[in-house]
Amino acid sequence: MTKTMISSGRPWSNPAFGRLILFVLLLVVTLFLCAYNLETYPRTWWDEGKFIQIPKNVVLYGKYATLSSEGFRMFSVYGTGPAVFLPIAAVFKLFGIGLLQARWVMVGFTLLATVACYSIARQLYGDRVALVAASLLVLVVYDEFTSLLFLGRQVLGEVPAFFYLMAGCLIWMRQRSDAKRVVLALAGVFWGLAVLAKWIFVMVIPCLVVLWIADRLCFRKLRHRHFVIPMLVVVAAVLAWFGYMVYVMGIRGISDILLQTQDNATSNVFFLSLDSILAGARFLIRSRFLVWGMPGIVYVLLVNVSRGRGSGARYWFLPVLACGWLTWYIFLSLGWTRQVFVPFAVSNIFLAKLMNDLSGGFAFSPRQLVAGIRVGNTATIGKLSVGLMVVALLASSPVQVVKGIVGEQDASAQEFACYINEHVAEDVVIESYEYELDILTRHTYHHPPEPLITLVTKHVYSGDPYPEGFYEFQEFDPEYLIVGPFAKWTGIYAGDFLRESCALVKSVGEYDLYRVERGEE
């Protein structure tokens, strides 16, 4: 009795308190790794530049649109959405417009995503598993574009959507048969925000449908409202945003946007191709996910099956989501590596659970290990295997991300933008496919039209040749032409035109500035 009272008065002597302190230290390390050299690593690029344009134009002009020299272009509903752009716009309003300000918002989402992952793992499997799962999420890198640190340092939709997804899961998984409707609706709000941050997160709906059927047929622990209310809220959130877009653009404008969205979706979200299937499978092998992540998923599935009706839908949500996402990635996606970020991220929870069970709750003692190995104790060998597993996993993780954060920086985009600001008049027409320059310079560029991205995607990934005269940018009479990383990757500006009708003015890194020979007036 006395010992219990003394222990309760000294929280630092409680192992759970110690694990909480370790998690706080992990958050501090994560904050440092997210914030150090934030503006220059990774080098800003096409997607990020285009996405930052939206909150910039919301603040400056009240337009949810991209901007080209001929005017505003309403932004496609495909890809990253308002649940990312509007928080950035709020920060722009308070602290000014800039790349660094936008990336700080992403740092905030990264920390929130880490906390949400820890909280879900703790709710499902305890604080030991939660601490390991959060550490794996931050420190283990299968590929740069599946790394929380790498994605979380850029204005992209994956990390914010992942946070919204996990926050909704955290609320939904806590609910029992007597759950209140308002709480279930709150889970749906977060899932709706996930969809409005990154539209592919609509996968949460088929996941709920599968669990609804399973609960009716097997578990019978939840009520219909546990599934219906969140799904209705998700649908309502999406319809509300579409309603706003119709109000702003009118029926004709939204129909054009929907047609463009359909083209984009068929080119990289529902892209059925043997080459993309093989590419996705090869990536899962090359990234080592099949060695590390997949065993965790399989193990948790087996654990859930062994529990039978005792498991319940709350234990099945994330495994079902991960398996469904992986199936889509292999068979229907274009195969971009960041498209598989979600199953890679949640698999850390399952891998931590597997390690915990193999090691007997991460209970390591050097003396017991040595004694156990001498007598061939099975439990001891399991603990040793987990220790070796952790070392091998961390050692085999690519170090490019950390090297990029603390190493020599590529500031070519900023240096090139500085040259543009100092030497090119703001009122001239500059043709450019490098959207990142819009946030780094004071100029307004002429950009290729939005529907062209579908043609570009098919050209790059399927080898479809560009049709003759597919983009006559000369009609806009540009005085300058910028050929940067994205233009070079897509080959949108023909080499013959550059050699015959352009004069190189300045090169910085992968960025080239040409003066267009316009002939006699």
# chains A, B, ... in the order shown; residues from 1 in each chain; ligands from 1
$ residues_around --residues "segment 307-313 of chain A" --least-positions-apart "2" --cutoff "12 Å" --atoms "only C-alpha atoms" --output "JSON, numbers by chain"
{"A": [124, 169, 172, 173, 174, 175, 176, 177, 207, 208, 209, 210, 211, 212, 213, 214, 215, 216, 217, 218, 219, 220, 221, 222, 223, 226, 227, 300, 301, 302, 303, 304, 305, 315, 316, 317, 318, 319, 320, 321]}
$ select_by_dssp --residues "segment 287-464 of chain A" --states "strand (DSSP E or B)" --output "JSON, numbers by chain"
{"A": [430, 431, 432, 446]}
$ atom_distance --atom1 "atom CA of Gly108 of chain A" --atom2 "atom CA of Leu31 of chain A"
8.7 Å
$ residues_around --residues "segment 25-28 of chain A" --least-positions-apart "6" --cutoff "8 Å" --atoms "only C-alpha atoms" --output "ChimeraX atom specification"
/A:111,114,135
$ write_last_selection --atoms "N, CA and C atoms" --output "tab-separated table (two decimals), in the first residue's frame"
chain	number	residue	atom	x	y	z
A	111	LEU	N	3.58	16.82	-37.58
A	111	LEU	CA	3.57	16.55	-36.14
A	111	LEU	C	2.21	15.99	-35.70
A	114	THR	N	1.93	12.37	-36.69
A	114	THR	CA	2.70	11.52	-35.80
A	114	THR	C	1.95	11.25	-34.51
A	135	SER	N	7.86	5.85	-33.88
A	135	SER	CA	9.28	5.96	-34.23
A	135	SER	C	9.55	5.40	-35.62
$ select_by_dssp --residues "segment 154-320 of chain A" --states "helix (DSSP H, G or I)" --output "PyMOL selection string"
chain A and resi 158-173+181-197+199-219+225-268+274-286+289-310+313-320
$ residues_around --residues "Gln53 of chain A" --least-positions-apart "4" --cutoff "7 Å" --atoms "only C-alpha atoms" --output "mmCIF file with N, CA and C atoms, in the first residue's frame"
data_model
loop_
_atom_site.group_PDB
_atom_site.id
_atom_site.type_symbol
_atom_site.label_atom_id
_atom_site.label_comp_id
_atom_site.auth_asym_id
_atom_site.auth_seq_id
_atom_site.Cartn_x
_atom_site.Cartn_y
_atom_site.Cartn_z
ATOM 1 N N GLY A 49 4.617 24.086 -56.418
ATOM 2 C CA GLY A 49 4.394 25.448 -56.897
ATOM 3 C C GLY A 49 2.956 25.680 -57.320
ATOM 4 N N ASN A 57 -3.520 32.983 -54.374
ATOM 5 C CA ASN A 57 -4.545 33.722 -55.107
ATOM 6 C C ASN A 57 -5.806 33.936 -54.282
ATOM 7 N N THR A 66 -5.761 28.893 -60.193
ATOM 8 C CA THR A 66 -4.396 29.201 -60.592
ATOM 9 C C THR A 66 -4.429 30.446 -61.475
#
$ residues_around --residues "Val140 of chain A" --least-positions-apart "2" --cutoff "8 Å" --atoms "only C-alpha atoms" --output "mmCIF file with C-alpha atoms, in the first residue's frame"
data_model
loop_
_atom_site.group_PDB
_atom_site.id
_atom_site.type_symbol
_atom_site.label_atom_id
_atom_site.label_comp_id
_atom_site.auth_asym_id
_atom_site.auth_seq_id
_atom_site.Cartn_x
_atom_site.Cartn_y
_atom_site.Cartn_z
ATOM 1 C CA SER A 135 9.284 5.956 -34.226
ATOM 2 C CA LEU A 136 9.077 3.693 -37.277
ATOM 3 C CA LEU A 137 6.745 6.166 -38.991
ATOM 4 C CA VAL A 138 9.277 8.964 -38.593
ATOM 5 C CA TYR A 142 11.407 2.759 -47.807
ATOM 6 C CA SER A 147 8.725 9.032 -46.232
ATOM 7 C CA LEU A 393 15.433 -2.061 -40.652
ATOM 8 C CA LEU A 394 16.963 1.236 -39.570
ATOM 9 C CA SER A 397 16.585 2.638 -44.642
#
$ atom_distance --atom1 "atom CA of Phe350 of chain A" --atom2 "atom CA of Leu326 of chain A"
15.0 Å
$ closest_residue --among "A:Ser501, A:Thr441, A:Thr146, A:Thr457" --to "Pro478 of chain A" --atoms "only C-alpha atoms"
A:Ser501
$ residues_around --residues "Pro42 of chain A" --least-positions-apart "2" --cutoff "10 Å" --atoms "only C-alpha atoms" --output "PyMOL selection string"
chain A and resi 37-40+44-45+150-151+153-154+401+404-405+409-411
$ residues_around --residues "Arg103 of chain A" --least-positions-apart "4" --cutoff "12 Å" --atoms "only C-alpha atoms" --output "PyMOL selection string"
chain A and resi 34-44+48-49+51-52+84-85+87-89+91-92+97-99+107-110+149-157+159-160
